[in-house]
file input17.cif (mmCIF, C-alpha atoms)
data_structure
#
loop_
_atom_site.label_atom_id
_atom_site.label_comp_id
_atom_site.auth_asym_id
_atom_site.auth_seq_id
_atom_site.Cartn_x
_atom_site.Cartn_y
_atom_site.Cartn_z
CA MET H 1 108.04 24.11 181.75
CA LEU H 2 107.23 26.75 184.41
CA ILE H 3 106.83 29.79 182.10
CA PRO H 4 103.93 28.43 179.99
CA PHE H 5 102.21 27.25 183.15
CA VAL H 6 102.49 30.72 184.75
CA ALA H 7 101.23 32.28 181.52
CA VAL H 8 98.11 30.12 181.63
CA ILE H 9 97.53 31.16 185.24
CA ALA H 10 97.92 34.83 184.28
CA VAL H 11 95.40 34.56 181.42
CA THR H 12 92.97 32.80 183.70
CA VAL H 13 93.36 35.45 186.39
CA LEU H 14 92.88 38.33 183.93
CA SER H 15 89.83 36.83 182.31
CA GLU H 16 88.17 35.60 185.46
CA TYR H 17 89.03 38.20 188.09
CA PHE H 18 89.01 41.37 186.05
CA PRO H 19 85.90 41.08 183.81
CA GLN H 20 84.38 43.93 181.80
CA GLY H 21 81.86 46.10 183.62
CA ASP H 22 81.14 47.11 187.24
CA GLY H 23 79.05 45.86 190.18
CA GLU H 24 81.09 42.94 191.41
CA SER H 25 79.90 41.99 194.91
CA GLU H 26 82.29 41.93 197.87
CA ALA H 27 81.74 38.20 198.37
CA LYS H 28 82.71 37.36 194.84
CA ASP H 29 85.80 39.55 195.15
CA ARG H 30 86.93 37.67 198.25
CA ALA H 31 86.33 34.34 196.52
CA ARG H 32 88.34 35.45 193.52
CA LYS H 33 91.17 36.62 195.78
CA ALA H 34 91.16 33.26 197.57
CA ARG H 35 91.30 31.36 194.29
CA LEU H 36 94.11 33.66 193.10
CA LEU H 37 96.06 32.94 196.29
CA SER H 38 95.54 29.20 195.76
CA LEU H 39 96.79 29.44 192.18
CA GLN H 40 99.83 31.40 193.32
CA GLU H 41 100.63 28.73 195.90
CA ARG H 42 100.26 25.99 193.28
CA ALA H 43 102.57 27.97 190.97
CA GLU H 44 105.14 28.30 193.72
CA GLU H 45 104.88 24.56 194.44
CA ALA H 46 105.35 23.81 190.74
CA GLN H 47 108.34 26.13 190.59
CA GLY H 48 109.85 24.44 193.69
CA ALA H 49 109.31 21.01 192.16
CA TRP H 50 110.95 22.18 188.95
CA ARG H 51 113.96 23.51 190.88
CA ALA H 52 114.20 20.22 192.81
CA THR H 53 114.13 18.32 189.52
CA GLU H 54 116.94 20.50 188.15
CA GLU H 55 119.00 19.98 191.30
CA ALA H 56 118.45 16.22 191.13
CA ALA H 57 119.51 16.23 187.47
CA GLU H 58 122.68 18.20 188.32
CA HIS H 59 123.47 15.79 191.16
CA ALA H 60 122.94 12.80 188.87
CA GLN H 61 125.28 14.39 186.32
CA GLU H 62 127.96 14.88 188.99
CA LEU H 63 127.58 11.26 190.10
CA LEU H 64 127.88 10.10 186.50
CA LYS H 65 131.08 12.11 186.01
CA GLU H 66 132.52 10.69 189.23
CA GLN H 67 131.67 7.14 188.15
CA GLU H 68 133.27 7.75 184.75
CA TRP H 69 136.44 9.04 186.44
CA VAL H 70 136.60 6.02 188.78
CA ALA H 71 136.07 3.67 185.82
CA ALA H 72 138.82 5.44 183.87
CA GLU H 73 141.23 5.15 186.84
CA ASP H 74 140.42 1.47 187.26
CA GLY H 75 141.02 0.94 183.56
CA ARG H 76 144.32 2.80 183.70
CA ARG H 77 145.56 0.75 186.67
CA ALA H 78 144.47 -2.49 185.00
CA GLU H 79 146.33 -1.51 181.82
CA GLU H 80 149.49 -0.69 183.83
CA GLU H 81 149.31 -4.07 185.57
CA ARG H 82 148.77 -5.83 182.23
CA LEU H 83 151.75 -4.06 180.67
CA ALA H 84 153.92 -4.90 183.70
CA VAL H 85 153.06 -8.59 183.43
CA GLU H 86 153.57 -8.51 179.67
CA ARG H 87 156.95 -6.82 180.11
CA LYS H 88 158.07 -9.54 182.52
CA TRP H 89 156.99 -12.25 180.10
CA PHE H 90 158.97 -10.58 177.30
CA GLU H 91 161.97 -10.39 179.66
CA GLY H 92 161.71 -14.11 180.23
CA VAL H 93 160.48 -13.77 183.78
CA ARG H 94 157.68 -16.13 184.52
CA PRO H 95 155.24 -15.18 187.31
CA GLU H 96 155.99 -17.28 190.37
CA CYS H 97 154.61 -20.75 189.82
CA ARG H 98 155.32 -23.20 192.61
CA PRO H 99 155.30 -26.89 191.71
CA SER H 100 152.92 -29.10 193.64
CA GLY H 101 154.09 -31.79 196.03
CA GLN H 102 153.15 -34.30 193.37
CA ASP H 103 155.33 -32.48 190.80
CA ILE H 104 158.32 -32.51 193.17
CA SER H 105 157.91 -36.21 193.97
CA ARG H 106 157.58 -37.07 190.28
CA MET H 107 160.72 -35.15 189.25
CA LYS H 108 162.77 -36.54 192.14
CA ALA H 109 161.80 -40.06 191.13
CA GLN H 110 162.60 -39.32 187.48
CA TYR H 111 166.08 -38.00 188.32
CA ARG H 112 166.69 -40.61 191.07
CA TYR H 113 167.19 -37.90 193.66
CA SER H 114 168.65 -39.02 197.00
CA PRO H 115 169.13 -36.80 200.07
CA GLU H 116 172.45 -38.59 200.65
CA PHE H 117 173.93 -36.92 197.57
CA ILE H 118 174.27 -33.42 196.14
CA HIS H 119 172.61 -33.15 192.74
CA ILE H 120 174.18 -30.57 190.40
CA ALA H 121 172.54 -29.49 187.14
CA VAL H 122 174.67 -27.95 184.39
CA VAL H 123 172.56 -25.76 182.11
CA GLY H 124 173.08 -23.19 179.40
CA SER H 125 172.36 -22.41 175.79
CA ALA H 126 173.07 -24.92 173.05
CA GLY H 127 176.79 -25.11 172.32
CA ALA H 128 177.90 -23.56 175.64
CA GLY H 129 180.03 -26.62 176.38
CA LYS H 130 177.93 -28.31 179.08
CA SER H 131 179.02 -31.89 178.30
CA SER H 132 182.71 -30.93 178.05
CA PHE H 133 182.42 -29.08 181.36
CA ILE H 134 180.88 -32.10 183.12
CA ASN H 135 183.63 -34.31 181.76
CA ALA H 136 186.34 -31.90 182.95
CA VAL H 137 185.04 -31.44 186.52
CA ARG H 138 184.95 -35.24 186.80
CA GLY H 139 188.54 -35.43 185.58
CA LEU H 140 187.64 -37.10 182.27
CA SER H 141 188.77 -36.31 178.75
CA ARG H 142 186.19 -36.59 175.99
CA ASN H 143 187.78 -39.87 174.84
CA ASP H 144 187.18 -41.55 178.19
CA SER H 145 184.65 -44.40 178.16
CA MET H 146 182.69 -42.70 180.98
CA ALA H 147 182.69 -39.29 179.30
CA ALA H 148 179.54 -37.49 178.18
CA PRO H 149 179.24 -37.15 174.39
CA THR H 150 180.30 -33.73 173.10
CA GLY H 151 179.83 -31.82 169.88
CA ILE H 152 179.51 -28.39 168.29
CA VAL H 153 175.73 -28.69 168.09
CA GLU H 154 173.40 -29.68 170.91
CA THR H 155 174.23 -33.35 171.56
CA THR H 156 172.09 -33.82 174.69
CA HIS H 157 168.37 -34.12 173.98
CA THR H 158 167.30 -35.62 177.31
CA VAL H 159 168.51 -35.00 180.85
CA THR H 160 171.51 -37.29 181.43
CA ARG H 161 172.80 -38.34 184.84
CA TYR H 162 176.52 -38.84 185.55
CA LEU H 163 178.03 -40.16 188.78
CA ASP H 164 181.27 -38.64 189.99
CA PRO H 165 184.01 -41.27 189.40
CA TYR H 166 186.01 -40.40 192.52
CA PRO H 167 185.72 -42.76 195.52
CA ASN H 168 183.46 -41.53 198.33
CA SER H 169 182.25 -38.62 196.18
CA ARG H 170 178.67 -37.65 196.94
CA MET H 171 178.13 -35.45 193.89
CA VAL H 172 175.87 -36.39 190.98
CA TRP H 173 176.05 -34.35 187.78
CA TYR H 174 173.23 -33.77 185.29
CA ASP H 175 173.62 -32.62 181.70
CA ILE H 176 170.46 -30.64 180.90
CA PRO H 177 169.31 -29.99 177.29
CA GLY H 178 170.07 -26.44 176.16
CA SER H 179 167.77 -23.67 177.27
CA GLY H 180 166.67 -21.00 174.82
CA THR H 181 166.31 -23.48 171.97
CA THR H 182 163.23 -23.70 169.77
CA LYS H 183 162.28 -26.87 171.65
CA VAL H 184 162.25 -25.26 175.11
CA SER H 185 161.12 -21.64 175.63
CA ASP H 186 162.82 -19.49 178.26
CA TRP H 187 159.93 -18.99 180.65
CA GLN H 188 158.95 -22.64 180.97
CA TYR H 189 162.45 -24.15 180.96
CA PHE H 190 162.99 -24.09 184.75
CA ASN H 191 159.74 -25.77 185.77
CA ASP H 192 159.39 -28.13 182.83
CA THR H 193 162.87 -29.60 183.38
CA GLY H 194 162.30 -29.85 187.14
CA LEU H 195 165.32 -27.72 188.02
CA TYR H 196 163.68 -26.86 191.34
CA ILE H 197 164.63 -30.29 192.77
CA PHE H 198 168.39 -29.75 192.31
CA ASP H 199 170.70 -28.64 195.10
CA CYS H 200 172.88 -26.60 192.76
CA ILE H 201 172.65 -25.20 189.23
CA ILE H 202 175.70 -24.17 187.22
CA VAL H 203 174.76 -21.86 184.35
CA LEU H 204 177.27 -21.82 181.52
CA ILE H 205 177.31 -18.67 179.39
CA GLY H 206 178.97 -18.09 176.04
CA ASN H 207 179.91 -14.84 174.31
CA ARG H 208 176.94 -13.04 175.83
CA VAL H 209 174.40 -13.40 178.63
CA LEU H 210 171.09 -14.61 177.17
CA GLU H 211 167.55 -13.94 178.36
CA SER H 212 167.28 -17.68 179.02
CA ASP H 213 170.24 -17.45 181.42
CA LEU H 214 168.64 -14.57 183.32
CA ALA H 215 165.32 -16.41 183.46
CA ILE H 216 167.05 -19.28 185.28
CA PHE H 217 168.54 -16.90 187.86
CA HIS H 218 165.14 -15.27 188.40
CA ALA H 219 163.65 -18.71 189.02
CA CYS H 220 166.44 -19.59 191.46
CA GLU H 221 165.49 -16.48 193.45
CA GLN H 222 162.03 -18.01 193.94
CA PHE H 223 163.44 -21.37 195.05
CA ARG H 224 165.78 -20.47 197.90
CA ASN H 225 166.97 -24.07 198.32
CA VAL H 226 168.70 -23.94 194.90
CA GLU H 227 172.25 -22.53 194.81
CA ALA H 228 173.33 -21.01 191.48
CA PHE H 229 176.77 -20.42 189.94
CA ILE H 230 177.46 -18.51 186.74
CA VAL H 231 180.36 -19.75 184.63
CA ARG H 232 181.88 -18.29 181.47
CA SER H 233 183.08 -21.29 179.51
CA LYS H 234 185.60 -21.69 176.64
CA SER H 235 187.73 -18.76 177.82
CA ASP H 236 190.84 -20.02 176.00
CA GLN H 237 189.05 -20.15 172.65
CA HIS H 238 187.72 -16.61 172.97
CA ILE H 239 191.08 -15.18 174.10
CA ASN H 240 192.78 -16.82 171.12
CA ASN H 241 190.18 -15.26 168.79
CA MET H 242 190.86 -11.83 170.31
CA VAL H 243 194.62 -12.31 169.85
CA CYS H 244 194.24 -13.29 166.20
CA GLU H 245 192.22 -10.15 165.56
CA LYS H 246 195.04 -8.03 167.01
CA MET H 247 197.85 -9.73 165.12
CA SER H 248 198.57 -9.24 161.44
CA GLN H 249 196.22 -10.68 158.85
CA GLY H 250 196.72 -14.38 158.24
CA PHE H 251 198.54 -14.89 161.54
CA ASP H 252 198.56 -18.53 162.71
CA LEU H 253 198.85 -19.18 166.45
CA ARG H 254 200.24 -22.63 165.77
CA GLY H 255 202.65 -21.56 163.04
CA PRO H 256 205.86 -23.64 163.30
CA ASP H 257 208.15 -20.97 161.80
CA MET H 258 207.42 -18.11 164.24
CA ASP H 259 210.48 -15.91 164.82
CA ALA H 260 211.52 -14.54 168.21
CA LYS H 261 210.11 -11.07 167.53
CA THR H 262 206.72 -12.42 166.50
CA ARG H 263 206.65 -14.79 169.47
CA SER H 264 207.42 -11.90 171.85
CA LEU H 265 204.64 -9.81 170.29
CA LEU H 266 202.29 -12.79 170.56
CA LEU H 267 202.98 -13.28 174.27
CA GLN H 268 202.48 -9.57 174.99
CA THR H 269 199.27 -9.42 172.96
CA LYS H 270 197.94 -12.56 174.59
CA SER H 271 198.57 -11.15 178.08
CA GLU H 272 196.81 -7.88 177.18
CA GLU H 273 193.85 -9.58 175.52
CA ARG H 274 193.52 -12.02 178.40
CA GLU H 275 193.16 -9.15 180.88
CA ARG H 276 190.75 -7.32 178.58
CA PHE H 277 188.64 -10.46 178.21
CA ILE H 278 188.46 -10.98 181.98
CA ASP H 279 187.54 -7.33 182.63
CA GLU H 280 184.92 -7.16 179.87
CA THR H 281 183.35 -10.47 180.91
CA ARG H 282 182.93 -9.40 184.55
CA LYS H 283 181.52 -6.00 183.58
CA ASN H 284 179.15 -7.54 181.04
CA VAL H 285 177.73 -10.08 183.50
CA ARG H 286 177.39 -7.46 186.24
CA ALA H 287 175.53 -5.10 183.90
CA HIS H 288 173.10 -7.82 182.77
CA LEU H 289 172.34 -8.85 186.36
CA GLU H 290 171.75 -5.24 187.40
CA ARG H 291 169.42 -4.55 184.47
CA ALA H 292 167.45 -7.70 185.34
CA ASN H 293 167.19 -6.59 189.01
CA LEU H 294 169.17 -9.64 190.11
CA PRO H 295 171.69 -9.69 192.96
CA SER H 296 175.36 -9.48 192.05
CA LYS H 297 177.10 -12.83 191.51
CA LYS H 298 180.69 -13.82 190.85
CA VAL H 299 181.31 -15.07 187.34
CA TYR H 300 183.85 -17.88 187.08
CA ILE H 301 185.89 -17.69 183.87
CA VAL H 302 187.11 -21.15 182.90
CA CYS H 303 188.24 -23.47 180.14
CA VAL H 304 188.23 -27.27 179.97
CA ASP H 305 192.03 -27.73 179.88
CA ALA H 306 192.54 -25.61 183.00
CA ILE H 307 189.71 -27.44 184.84
CA LEU H 308 191.34 -30.79 184.08
CA ALA H 309 194.63 -29.41 185.38
CA ALA H 310 193.00 -28.10 188.57
CA VAL H 311 191.27 -31.43 189.20
CA SER H 312 194.68 -33.16 189.03
CA ASN H 313 196.20 -30.49 191.33
CA SER H 314 198.41 -29.03 188.60
CA ARG H 315 198.55 -25.52 187.16
CA SER H 316 197.67 -24.61 183.58
CA PRO H 317 198.94 -21.43 181.86
CA LYS H 318 195.32 -20.99 180.71
CA ALA H 319 193.99 -20.94 184.28
CA ILE H 320 191.77 -18.07 185.46
CA ASP H 321 189.00 -19.07 187.92
CA GLU H 322 189.01 -22.87 187.62
CA ALA H 323 190.50 -23.57 191.06
CA ASP H 324 188.16 -21.04 192.71
CA LEU H 325 185.13 -22.64 191.08
CA LEU H 326 186.08 -26.16 192.18
CA ASN H 327 186.82 -24.99 195.73
CA ASP H 328 183.57 -23.03 196.01
CA VAL H 329 181.48 -25.95 194.70
CA GLU H 330 183.20 -28.33 197.12
CA GLU H 331 182.57 -25.91 199.99
CA PHE H 332 178.89 -25.67 199.05
CA VAL H 333 178.64 -29.47 198.95
CA ARG H 334 180.30 -29.79 202.35
CA LYS H 335 177.92 -27.28 203.96
CA ARG H 336 174.83 -28.75 202.32
CA LEU H 337 175.65 -32.25 203.56
CA GLN H 338 176.19 -31.12 207.14
#
call {"tool": "encode", "arguments": {"input": "input17.cif", "output": "structure tokens"}}
result
Amino acid sequence: MLIPFVAVIAVTVLSEYFPQGDGESEAKDRARKARLLSLQERAEEAQGAWRATEEAAEHAQELLKEQEWVAAEDGRRAEEERLAVERKWFEGVRPECRPSGQDISRMKAQYRYSPEFIHIAVVGSAGAGKSSFINAVRGLSRNDSMAAPTGIVETTHTVTRYLDPYPNSRMVWYDIPGSGTTKVSDWQYFNDTGLYIFDCIIVLIGNRVLESDLAIFHACEQFRNVEAFIVRSKSDQHINNMVCEKMSQGFDLRGPDMDAKTRSLLLQTKSEERERFIDETRKNVRAHLERANLPSKKVYIVCVDAILAAVSNSRSPKAIDEADLLNDVEEFVRKRLQ
């Protein structure tokens, strides 16, 4: 410290340059003054060094604070990026993961992909009606020998390939095991099933849009060569359920002894519930796509009976979007084969 050092100098000066008694010679006085001047200079140098040390310490402290701030900012940004990635994973959105050329070749060989045909995958959650849909668009009832097996539970456990039975047809249909099941997690479903090799994917939805459905649409955005359609299946079943809820308790749609008044009420209720179902379905799908930051898409509302009717060029009273769906798929196939 400077103060003790100066005190020592002062004691030295007092004892050495101001002794008791008289008769100091002029030469000794000059020598003492010279030594005093030298000590003063050394004291000033020590004080300057001390000030320089303090300034260096202050500068080092400022640098340390700046480094701590930069480290904190880097940590904050890293945490924000981690949370963003984690949020996407929870939303079922897998970070872009392009398959290798070897992956593409392997999946094309596995599914017997041919550029001369259009390969259409039908996907959706377990029980969405994928097999029944494939049968209907091919004009087959479930009792037909060429029909895909159907059931209430998931009946397809491996990807199954079905040729279109119509002459000169260049469409091949694939029944894909249900997404969102315990066997296949949402984020890995698209790549693990090789959906990126298909020309078109039809996503069947049930009563609600699932995270697994949205994950497929996100993946299709990464693979621009894959066209995607969203289809609300089993519309007739859901409309009938809505009608039964509106009618009196115990009402039976197939009751043989229905009087004219009840039948009139049934027809009116069915018309109202049909329109409500269509409106709610379109709004629900649009809202889910918007929340997932996905572009707007038309939802086709269909049922198996009306698809079979449309395939045979007849009109079903259950029809909603069946004819539009078939026409739009055929138009896509025509353009893709050009």
call {"tool": "closest_residue", "arguments": {"input": "input17.cif", "among": "H:Lys65, H:Arg106, H:Arg291, H:His119", "to": "H:Phe332", "atoms": "only C-alpha atoms"}}
result
H:His119
call {"tool": "resolve_selection", "arguments": {"input": "input17.cif", "expression": "the PyMOL selection byres ((chain H and resi 281) around 12)", "output": "PDB file with C-alpha atoms, in the coordinates of the input"}}
result
ATOM      1  CA  ILE H 205     177.310 -18.670 179.390  1.00  0.00           C
ATOM      2  CA  GLY H 206     178.970 -18.090 176.040  1.00  0.00           C
ATOM      3  CA  ASN H 207     179.910 -14.840 174.310  1.00  0.00           C
ATOM      4  CA  ARG H 208     176.940 -13.040 175.830  1.00  0.00           C
ATOM      5  CA  VAL H 209     174.400 -13.400 178.630  1.00  0.00           C
ATOM      6  CA  ILE H 230     177.460 -18.510 186.740  1.00  0.00           C
ATOM      7  CA  VAL H 231     180.360 -19.750 184.630  1.00  0.00           C
ATOM      8  CA  ARG H 232     181.880 -18.290 181.470  1.00  0.00           C
ATOM      9  CA  SER H 233     183.080 -21.290 179.510  1.00  0.00           C
ATOM     10  CA  SER H 235     187.730 -18.760 177.820  1.00  0.00           C
ATOM     11  CA  HIS H 238     187.720 -16.610 172.970  1.00  0.00           C
ATOM     12  CA  ILE H 239     191.080 -15.180 174.100  1.00  0.00           C
ATOM     13  CA  GLU H 273     193.850  -9.580 175.520  1.00  0.00           C
ATOM     14  CA  ARG H 274     193.520 -12.020 178.400  1.00  0.00           C
ATOM     15  CA  GLU H 275     193.160  -9.150 180.880  1.00  0.00           C
ATOM     16  CA  ARG H 276     190.750  -7.320 178.580  1.00  0.00           C
ATOM     17  CA  PHE H 277     188.640 -10.460 178.210  1.00  0.00           C
ATOM     18  CA  ILE H 278     188.460 -10.980 181.980  1.00  0.00           C
ATOM     19  CA  ASP H 279     187.540  -7.330 182.630  1.00  0.00           C
ATOM     20  CA  GLU H 280     184.920  -7.160 179.870  1.00  0.00           C
ATOM     21  CA  ARG H 282     182.930  -9.400 184.550  1.00  0.00           C
ATOM     22  CA  LYS H 283     181.520  -6.000 183.580  1.00  0.00           C
ATOM     23  CA  ASN H 284     179.150  -7.540 181.040  1.00  0.00           C
ATOM     24  CA  VAL H 285     177.730 -10.080 183.500  1.00  0.00           C
ATOM     25  CA  ARG H 286     177.390  -7.460 186.240  1.00  0.00           C
ATOM     26  CA  ALA H 287     175.530  -5.100 183.900  1.00  0.00           C
ATOM     27  CA  HIS H 288     173.100  -7.820 182.770  1.00  0.00           C
ATOM     28  CA  LYS H 298     180.690 -13.820 190.850  1.00  0.00           C
ATOM     29  CA  VAL H 299     181.310 -15.070 187.340  1.00  0.00           C
ATOM     30  CA  TYR H 300     183.850 -17.880 187.080  1.00  0.00           C
ATOM     31  CA  ILE H 301     185.890 -17.690 183.870  1.00  0.00           C
ATOM     32  CA  VAL H 302     187.110 -21.150 182.900  1.00  0.00           C
TER      33      VAL H 302
END
call {"tool": "closest_residue", "arguments": {"input": "input17.cif", "among": "H:Ala310, H:Ala228, H:Ile216, H:Ile197", "to": "H:Gly101", "atoms": "all atoms listed in the file"}}
result
H:Ile197
call {"tool": "resolve_selection", "arguments": {"input": "input17.cif", "expression": "the PyMOL selection byres ((chain H and resi 201) around 7)", "output": "JSON, numbers by chain"}}
result
{"H": [120, 121, 122, 198, 200, 202, 203, 227, 228, 229]}
call {"tool": "atom_distance", "arguments": {"input": "input17.cif", "atom1": "atom CA of H:Ile118", "atom2": "atom CA of H:Val172"}}
result
6.2 Å
call {"tool": "atom_distance", "arguments": {"input": "input17.cif", "atom1": "atom CA of H:Arg142", "atom2": "atom CA of H:Val304"}}
result
10.3 Å
